[in-house]
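Novice: One structure follows; several queries about it will come next.
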Amino acid sequence: MDRTLVAVIFAVVLAMAALLLLIGFAEAPANAAGVSHAEIAAMQAGGDGAARLETVGGYAFAFHSLLLLFTILLCVLSVNRAKRTSVFLGWMALTFAVNMLVWRQIYWQHQVFLESGETGWLLGFPTATAWQIYGIWFAGVLLIAVYSAGFRRYVLSEEDERRFEELLQEFRESRE
Amino acid sequence: MEAYRQEIILGAIVLYMALCVTIGLWSMGRTRNAGDFFIAGRSLGPIVVSLAVFASTLSGFGFVGGPGLVYSVGVSSFWMVVISATAFGLGFFLVAKRIRMIAELRGCMSIPDVIAARYGSELARLLVAITIVLGVLGYLATQILAMSVVMQAILADTEMFADISLLGCVVLSSTVLVFYCVTGGVIASVYTDVLQGLVMMVAGFLILITAMQAFDGGLREASEIVLADDSESMMPFGAAGIVTSVGWFFVFGIGLAGQPHIVTKMMMNKKLADNRAVLPLSLLGYIVSALLWISIGLVMRAAVVGGGAEPLAQPDDAASTFLAMFANPLLAGIVFAALFAAIMSTSDAFLNIGAAAIIHDIPRALRNRPVNNELFWARVVTVILAVVAAGFALFSYYRDATLVALLGAFGWSTFAASLFPVLAIGLNWKRATTAGAVAAVTSALLINFVVQLAGITLPWGISGGLAAFVTSLVLFFAVSFATPQPKLAWDIDRMMDI
């Protein structure tokens with residue numbers, strides 16, 4: 001299974017590299033990475049948000065989606081094959097789905113604002129930014145919950161600790 | 001109280017530094033050999049490791065550069081902060097268990113030690129050690145410079161030290177840092193991290209409360225002012241745009257597992273099972289402290305574009321101006337102490353891993369044996385490293401910033417690009433080969449050097465670090481697949497099955 005998993009991870013890395021090249025060669029508007037603020041030195045402004053998303057918005061969305069997938073796949077790779085149960089894979093799939101939902105909301109709510117010029121507010125921030133601040137943190141906390149709450153099931157069981165102690169003992173004996 | 005503002009700030013900093021010196025003296029008696037000096041003899045409990053991990057992660061950049069970046073480019077820089085939960089999670093999944101196992105199994109004292117054990121290659125050890133030394137010099141120089149500039153600004157407002165030179169501040173601040181690093185090694189480093197982490201958490205929480213009261217309408221009013229001035233700055237991709245934002249997510253998020261000063265801490269815990277508590281505790285500390293980054297930057301941008309404050313001469317003035325405008329002297333004292341804590345907690349980690357690379361790893365890679373009396377030489381090299389870095393800092397300030405800027409390029413992104421594939425993936429994938437590791441490290445160094453030396457600006461705000469990171473990942477997998485499957489040492493092979 002590791003061979004297939006690593007092949008998928010490599011494919012994701014190649015796809016991200018290809019997308020980065022596509023972005024790099026796309027024609028960039030003047031405000032692609034910000035412009036100087038009209039009145040205040042040492043400050044940048046974004047300017048026309050729709051113009052700079054028009055060319056590479058789709059590529060960047062795909063790049064970040066692949067990055068989220070890459071993260072989850074690496075977590076799966078780190079877990080011993082025998083412990084990759086359907087429940088564990090289900091948690092990883094849920095974590096990926098929540099991350100994708102948050103990312104989609106960030107991107108989509110920003111689009112809504114660009115089209116309408118209006119935004120809702122949540123806990124001090126415009127809706128799209130609130131999804132970014134609270135959503136990304138929450139989605140990451142899911143990963144931490146799986147690690148900490150599932151530690152003995154997925155990361156290091158008591159049997160693993162015993163096996164490691166045996167390995168240590170054998171290694172020390174082999175050195176004597 | 002306002003009349004004694006500078007005295008209170010100075011008092012808080014002196015108190016903080018006196019505590020660091022006390023911890024250094026206390027740790028001296030517990031540092032008996034090189035293992036104690038470099039990895040605290042793998043004897044630390046979960047709370048100490050948690051605070052050390054997050055305090056090392058949040059450097060002076062988080063307290064000065066971070067708010068400055070929000071002031072400069074708006075919400076774009078939030079991506080470096082909000083990624084923390086995913087970053088810590090991924091880092092612990094990939095590295096924490098295996099690096100602790102390999103450290104105990106092979107008696108590893110450093111990241112190059114771990115690399116040499118995993119790949120069975122002295123070349124890989126040498127490359128990683130050289131990367132670490134270059135990165136340490138760059139990081140340390142910028143941290144010492146930041147610490148000295150802040151100290152000079154504070155002392156210049158007092159009667160007694162009004163004319164103190166930058167050199168005097170470099171000597172003063174570095175002496176405390178070097179004292180506790182030399183006397184107590186990493187034991188002093190992690191226990192000062194505990195103090196530093198706690199100070200940072202208190203400061204982050206209090207600053208958030210203060211920032212929420214800076215405008216009558218709280219953070220929402222600040223956000224509305226920024227939005228009305230330039231809507232993109234307050235939207236998720238900020239002024240710097242979507243490509244820069246997701247690039248920062250990549251480099252700062254995924255790259256955390258490749259930071260030697262952070263993952264070294266994962267080798268130090270007493271019990272493997274402590275990791276399940278270390279992870280959430282580290283994240284909690286980081287989030288509370290990083291609130292300062294977001295709230296100061298946002299409030300200062302709103303204050304300036306709303307006309308409530310004069311434009312800043314440079315973005316990095318955001319934190320000090322915020323404190324002068326909104327914080328009472330006691331809070332300002334705590335935050336300045338926290339700033340020194342942030343700088344010193346990262347610097348001591350770098351001094352430690354730099355000394356390990358020089359006296360432990362490079363001699364092993366070149367002569368296949370360590371130097372005699374590692375503990376003595378570790379202390380000597382710690383002093384030399386600090387002196388050289390301080391020299392770079394002064395040279396950069398007075399003469400030419402190119403050298404430090406160049407070494408500074410060997411910061412977070414170069415560590416991420418060169419070490420993440422080799423370490424974080426290599427510890428979890430048996431098929432990874434030495435040739436793949438060498439290709440990844442070399443390409444990351446070359447791309448970062450070339451982009452920095454040639455002053456290349458990539459389109460769409462793509463950073464050299466991001467380009468280097470993606471390239472090193474591609475090469476790591478491609479070269480590993482293209483070269484024969486490695487035969488791992490039997491103990492490493494079995495360890496990777498656990």
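Chain labels A, B, ... are given in the sequence in which chains occur in the structure tokens; within each chain residues are numbered consecutively from 1, and ligands are likewise numbered from 1 in the order shown.
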Set the distance at 10 Å and use only C-alpha atoms: which residues neighbour Gly461 of chain B once local chain neighbours fewer than 4 positions away are removed? I'd like the list as a list in words.

Specialist: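 Once the nearby chain positions are removed, what remains is Gly24, Ala32, Ala33 and Gly34 of chain A; Ala240, Gly241, Ile242, Val243, Thr244, Ser245, Gly247 and Thr457 of chain B.
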
Novice: At a cut-off of 7 Å, list the chain A residues touching chain B, using only C-alpha atoms, as a PyMOL selection string.

Specialist: chain A and resi 10+13-14+17+24+28+32-34+40+42-47+49+60+64+71+75+77-78+80+106+110+124-125+128-129+132-133+136-137+140-141+143-144+147-148+151+160+168+171

Novice: Could you give me, as a ChimeraX atom specification, each residue of segment 13-62 of chain A that DSSP assigns to strand (DSSP E) when run on this structure's backbone?

Specialist: /A:35-36,44-45

Novice: Mind checking which residues fall within 12 Å of Leu385 of chain B, counting only C-alpha atoms, ignoring those fewer than 6 positions away in the same chain, and posting them as an MDAnalysis selection string?

Specialist: chainID B and resid 133:141 144 174 177:178 181:182 347:348 350:359 377:379 391:392

Novice: Mind writing the picked residues with N, CA and C atoms as a short mmCIF file (atom, residue, chain, number, x, y, z; two decimals), in the first residue's frame?

Specialist:
```cif
data_model
loop_
_atom_site.label_atom_id
_atom_site.label_comp_id
_atom_site.auth_asym_id
_atom_site.auth_seq_id
_atom_site.Cartn_x
_atom_site.Cartn_y
_atom_site.Cartn_z
N VAL B 133 24.65 25.32 9.79
CA VAL B 133 25.60 26.36 10.21
C VAL B 133 25.30 27.68 9.48
N LEU B 134 25.09 27.61 8.16
CA LEU B 134 24.78 28.83 7.39
C LEU B 134 23.50 29.48 7.90
N GLY B 135 22.49 28.64 8.11
CA GLY B 135 21.21 29.16 8.59
C GLY B 135 21.32 29.78 9.98
N VAL B 136 22.09 29.12 10.84
CA VAL B 136 22.25 29.61 12.21
C VAL B 136 22.90 30.99 12.21
N LEU B 137 23.95 31.17 11.38
CA LEU B 137 24.62 32.47 11.35
C LEU B 137 23.67 33.57 10.90
N GLY B 138 22.90 33.28 9.84
CA GLY B 138 21.95 34.27 9.34
C GLY B 138 20.86 34.60 10.35
N TYR B 139 20.26 33.58 10.90
CA TYR B 139 19.19 33.76 11.88
C TYR B 139 19.71 34.53 13.10
N LEU B 140 20.86 34.06 13.61
CA LEU B 140 21.40 34.68 14.83
C LEU B 140 21.74 36.15 14.61
N ALA B 141 22.34 36.44 13.46
CA ALA B 141 22.73 37.83 13.19
C ALA B 141 21.49 38.73 13.18
N ILE B 144 20.10 38.99 16.84
CA ILE B 144 20.94 39.83 17.72
C ILE B 144 20.79 41.30 17.34
N SER B 174 23.80 40.23 24.08
CA SER B 174 24.38 38.92 23.73
C SER B 174 25.03 38.26 24.94
N LEU B 177 22.51 36.18 26.76
CA LEU B 177 22.17 35.02 25.93
C LEU B 177 23.29 33.98 25.99
N VAL B 178 24.53 34.44 25.74
CA VAL B 178 25.66 33.52 25.70
C VAL B 178 25.90 32.92 27.09
N CYS B 181 23.50 30.07 27.69
CA CYS B 181 23.70 28.98 26.72
C CYS B 181 25.00 28.23 27.01
N VAL B 182 26.03 28.95 27.42
CA VAL B 182 27.32 28.31 27.68
C VAL B 182 27.29 27.53 28.99
N SER B 347 17.04 32.28 19.51
CA SER B 347 18.50 32.39 19.38
C SER B 347 19.22 31.28 20.15
N ASP B 348 18.73 30.98 21.37
CA ASP B 348 19.44 29.94 22.14
C ASP B 348 19.32 28.58 21.46
N PHE B 350 19.17 28.15 18.26
CA PHE B 350 20.10 28.16 17.12
C PHE B 350 21.55 28.04 17.57
N LEU B 351 21.89 28.69 18.67
CA LEU B 351 23.26 28.55 19.18
C LEU B 351 23.55 27.08 19.48
N ASN B 352 22.56 26.41 20.05
CA ASN B 352 22.74 25.02 20.43
C ASN B 352 22.92 24.11 19.21
N ILE B 353 22.02 24.26 18.22
CA ILE B 353 22.14 23.35 17.05
C ILE B 353 23.35 23.73 16.19
N GLY B 354 23.73 25.00 16.19
CA GLY B 354 24.91 25.42 15.44
C GLY B 354 26.18 24.83 16.04
N ALA B 355 26.27 24.90 17.37
CA ALA B 355 27.43 24.33 18.06
C ALA B 355 27.50 22.83 17.82
N ALA B 356 26.36 22.17 17.85
CA ALA B 356 26.33 20.71 17.60
C ALA B 356 26.82 20.40 16.20
N ALA B 357 26.38 21.19 15.22
CA ALA B 357 26.81 20.94 13.83
C ALA B 357 28.32 21.09 13.70
N ILE B 358 28.88 22.10 14.37
CA ILE B 358 30.31 22.39 14.20
C ILE B 358 31.20 21.41 14.96
N ILE B 359 30.87 21.13 16.21
CA ILE B 359 31.83 20.31 16.96
C ILE B 359 31.47 18.81 16.96
N TRP B 377 34.37 21.89 24.06
CA TRP B 377 34.37 22.55 22.75
C TRP B 377 32.99 23.10 22.39
N ALA B 378 31.96 22.43 22.88
CA ALA B 378 30.60 22.95 22.63
C ALA B 378 30.46 24.34 23.24
N ARG B 379 31.01 24.50 24.45
CA ARG B 379 30.92 25.81 25.12
C ARG B 379 31.76 26.85 24.38
N GLY B 391 29.12 40.03 15.08
CA GLY B 391 29.95 40.77 14.12
C GLY B 391 29.20 41.00 12.82
N PHE B 392 28.57 39.94 12.32
CA PHE B 392 27.75 40.06 11.09
C PHE B 392 26.66 41.12 11.29
#
```

Novice: Find the residue from B:Ile13, B:Met1, B:Ile115, B:Ala153 that sits nearest to Leu339 of chain B; use only C-alpha atoms when measuring.

Specialist: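 Closest to Leu339 of chain B of all the choices is B:Ile13.
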
Novice: Near Ser413 of chain B, counting only C-alpha atoms, which residues have an atom at most 10 Å away, once you skip same-chain residues fewer than 4 positions from it, shown as a ChimeraX atom specification?

Specialist: /B:248,250-252,255-256,258-259,408-409,417-419,444,448,463-469

Novice: Selected residues, N, CA, C and O atoms, written as an mmCIF file, in the first residue's frame, please.

Specialist:
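Generated file (out_15.cif):
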```cif
data_model
loop_
_atom_site.group_PDB
_atom_site.id
_atom_site.type_symbol
_atom_site.label_atom_id
_atom_site.label_comp_id
_atom_site.auth_asym_id
_atom_site.auth_seq_id
_atom_site.Cartn_x
_atom_site.Cartn_y
_atom_site.Cartn_z
ATOM 1 N N TRP B 248 2.836 31.228 1.362
ATOM 2 C CA TRP B 248 3.202 31.327 2.781
ATOM 3 C C TRP B 248 2.613 30.163 3.577
ATOM 4 O O TRP B 248 3.252 29.621 4.482
ATOM 5 N N PHE B 250 2.145 27.219 2.468
ATOM 6 C CA PHE B 250 2.985 26.065 2.120
ATOM 7 C C PHE B 250 4.293 26.096 2.926
ATOM 8 O O PHE B 250 4.627 25.154 3.660
ATOM 9 N N VAL B 251 5.022 27.215 2.775
ATOM 10 C CA VAL B 251 6.368 27.277 3.345
ATOM 11 C C VAL B 251 6.334 27.284 4.882
ATOM 12 O O VAL B 251 7.101 26.586 5.540
ATOM 13 N N PHE B 252 5.417 28.069 5.452
ATOM 14 C CA PHE B 252 5.368 28.171 6.914
ATOM 15 C C PHE B 252 4.633 26.993 7.548
ATOM 16 O O PHE B 252 4.896 26.643 8.688
ATOM 17 N N GLY B 255 6.498 23.498 6.098
ATOM 18 C CA GLY B 255 7.923 23.611 6.412
ATOM 19 C C GLY B 255 8.275 23.534 7.881
ATOM 20 O O GLY B 255 9.449 23.385 8.224
ATOM 21 N N LEU B 256 7.292 23.628 8.768
ATOM 22 C CA LEU B 256 7.607 23.571 10.202
ATOM 23 C C LEU B 256 8.330 22.276 10.557
ATOM 24 O O LEU B 256 9.253 22.271 11.381
ATOM 25 N N GLY B 258 10.480 20.825 9.044
ATOM 26 C CA GLY B 258 11.866 20.816 8.600
ATOM 27 C C GLY B 258 12.725 21.821 9.346
ATOM 28 O O GLY B 258 13.872 22.055 8.965
ATOM 29 N N GLN B 259 12.196 22.434 10.396
ATOM 30 C CA GLN B 259 12.971 23.440 11.134
ATOM 31 C C GLN B 259 13.817 22.748 12.209
ATOM 32 O O GLN B 259 13.278 22.200 13.172
ATOM 33 N N GLY B 408 20.516 35.461 5.810
ATOM 34 C CA GLY B 408 19.132 35.453 6.270
ATOM 35 C C GLY B 408 18.226 34.635 5.351
ATOM 36 O O GLY B 408 17.202 34.110 5.768
ATOM 37 N N ALA B 409 18.669 34.541 4.057
ATOM 38 C CA ALA B 409 17.887 33.721 3.117
ATOM 39 C C ALA B 409 17.900 32.266 3.565
ATOM 40 O O ALA B 409 17.053 31.471 3.185
ATOM 41 N N ALA B 417 12.763 23.865 2.799
ATOM 42 C CA ALA B 417 12.976 23.247 1.492
ATOM 43 C C ALA B 417 14.026 22.148 1.545
ATOM 44 O O ALA B 417 13.884 21.110 0.893
ATOM 45 N N SER B 418 15.079 22.346 2.329
ATOM 46 C CA SER B 418 16.156 21.360 2.300
ATOM 47 C C SER B 418 15.936 20.212 3.284
ATOM 48 O O SER B 418 16.289 19.075 2.998
ATOM 49 N N LEU B 419 15.332 20.503 4.429
ATOM 50 C CA LEU B 419 15.243 19.453 5.453
ATOM 51 C C LEU B 419 13.907 18.715 5.489
ATOM 52 O O LEU B 419 13.854 17.565 5.929
ATOM 53 N N ALA B 444 17.755 22.884 -2.933
ATOM 54 C CA ALA B 444 17.161 23.919 -2.071
ATOM 55 C C ALA B 444 18.181 25.018 -1.775
ATOM 56 O O ALA B 444 17.866 26.215 -1.846
ATOM 57 N N ASN B 448 17.819 28.932 -3.416
ATOM 58 C CA ASN B 448 17.729 30.060 -2.481
ATOM 59 C C ASN B 448 18.911 31.012 -2.641
ATOM 60 O O ASN B 448 18.741 32.231 -2.621
ATOM 61 N N SER B 463 7.721 33.208 -3.911
ATOM 62 C CA SER B 463 8.999 33.414 -3.230
ATOM 63 C C SER B 463 10.020 32.385 -3.698
ATOM 64 O O SER B 463 9.656 31.292 -4.163
ATOM 65 N N GLY B 464 11.303 32.745 -3.553
ATOM 66 C CA GLY B 464 12.356 31.784 -3.876
ATOM 67 C C GLY B 464 12.233 30.545 -3.005
ATOM 68 O O GLY B 464 12.503 29.430 -3.448
ATOM 69 N N GLY B 465 11.785 30.750 -1.764
ATOM 70 C CA GLY B 465 11.622 29.626 -0.836
ATOM 71 C C GLY B 465 10.583 28.633 -1.326
ATOM 72 O O GLY B 465 10.779 27.420 -1.235
ATOM 73 N N LEU B 466 9.477 29.141 -1.874
ATOM 74 C CA LEU B 466 8.430 28.248 -2.383
ATOM 75 C C LEU B 466 8.938 27.478 -3.593
ATOM 76 O O LEU B 466 8.747 26.256 -3.693
ATOM 77 N N ALA B 467 9.599 28.198 -4.513
ATOM 78 C CA ALA B 467 10.138 27.525 -5.703
ATOM 79 C C ALA B 467 11.140 26.455 -5.288
ATOM 80 O O ALA B 467 11.135 25.335 -5.824
ATOM 81 N N ALA B 468 11.993 26.784 -4.307
ATOM 82 C CA ALA B 468 12.998 25.826 -3.842
ATOM 83 C C ALA B 468 12.333 24.619 -3.185
ATOM 84 O O ALA B 468 12.754 23.471 -3.391
ATOM 85 N N PHE B 469 11.284 24.876 -2.416
ATOM 86 C CA PHE B 469 10.609 23.797 -1.677
ATOM 87 C C PHE B 469 9.960 22.798 -2.646
ATOM 88 O O PHE B 469 10.156 21.577 -2.537
#
```

Novice: Taking the DSSP secondary structure from the backbone, can you list the residues of segment 205-329 of chain B that are helix (DSSP H, G or I), as JSON, numbers by chain?

Specialist: {"B": [205, 206, 207, 208, 209, 210, 211, 212, 218, 219, 220, 221, 222, 223, 224, 225, 226, 227, 228, 229, 231, 232, 233, 234, 241, 242, 243, 244, 245, 246, 247, 248, 249, 250, 251, 252, 253, 254, 255, 256, 257, 258, 260, 261, 262, 263, 264, 265, 266, 267, 272, 273, 274, 275, 276, 277, 278, 279, 280, 281, 282, 283, 284, 285, 286, 287, 288, 289, 290, 291, 292, 293, 294, 295, 296, 297, 298, 299, 300, 301, 302, 303, 304, 305, 315, 316, 317, 318, 319, 320, 321, 322, 323, 324, 325, 326, 329]}

Novice: Do you know which residues are at most 9 Å from Tyr154 of chain A counting only C-alpha atoms, after dropping those on the same chain fewer than 5 positions away, and could you put them as a ChimeraX atom specification?

Specialist: /A:79-80,83-85,88,146-147

Novice: How would the residues just chosen look if you wrote them out with N, CA and C atoms as a JSON list (two decimals), in the first residue's frame?

Specialist:
```
[["chain", "number", "residue", "atom", "x", "y", "z"],
["A", 79, "VAL", "N", 1.55, 6.90, 9.49],
["A", 79, "VAL", "CA", 0.93, 5.89, 10.38],
["A", 79, "VAL", "C", 1.23, 4.49, 9.85],
["A", 80, "ASN", "N", 1.63, 3.62, 10.76],
["A", 80, "ASN", "CA", 1.95, 2.24, 10.40],
["A", 80, "ASN", "C", 0.80, 1.61, 9.58],
["A", 83, "LYS", "N", -2.13, 0.03, 11.15],
["A", 83, "LYS", "CA", -3.04, 0.88, 11.93],
["A", 83, "LYS", "C", -3.90, 1.77, 11.05],
["A", 84, "ARG", "N", -3.70, 1.66, 9.75],
["A", 84, "ARG", "CA", -4.53, 2.48, 8.86],
["A", 84, "ARG", "C", -5.89, 1.80, 8.65],
["A", 85, "THR", "N", -6.66, 1.78, 9.72],
["A", 85, "THR", "CA", -7.96, 1.13, 9.67],
["A", 85, "THR", "C", -8.94, 2.01, 8.91],
["A", 88, "PHE", "N", -9.60, 5.10, 10.91],
["A", 88, "PHE", "CA", -8.56, 6.12, 10.79],
["A", 88, "PHE", "C", -8.67, 6.84, 9.44],
["A", 146, "VAL", "N", -7.20, 14.01, 16.17],
["A", 146, "VAL", "CA", -6.98, 12.63, 15.72],
["A", 146, "VAL", "C", -5.66, 12.12, 16.32],
["A", 147, "TYR", "N", -4.63, 12.97, 16.31],
["A", 147, "TYR", "CA", -3.32, 12.57, 16.83],
["A", 147, "TYR", "C", -3.39, 12.28, 18.33]]
```

Novice: Provide the atom CA of Phe54 of chain B to atom CA of Ile262 of chain B distance in Å, to one decimal place.

Specialist: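 Separation of atom CA of Phe54 of chain B and atom CA of Ile262 of chain B: 8.1 Å.
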
Novice: Would you list the contacts of Gly285 of chain B as a list of chain:residue names, taking every protein, DNA or RNA residue within 10 Å and counting only C-alpha atoms, but skipping same-chain residues closer than 3 positions in sequence?

Specialist: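 These residues fall inside the cut-off: B:Ser50, B:Leu51, B:Ala52, B:Val53, B:Phe54, B:Ala55, B:Leu58, B:Gly197, B:Leu198, B:Met200, B:Met201, B:Val202, B:Gly204, B:Pro280, B:Leu281, B:Ser282, B:Val288, B:Ser289, B:Ala290.
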
Novice: How far is it from atom CA of Val199 of chain B to atom CA of Ala341 of chain B, in Å with one decimal?

Specialist: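 Separation between atom CA of Val199 of chain B and atom CA of Ala341 of chain B: 7.3 Å.
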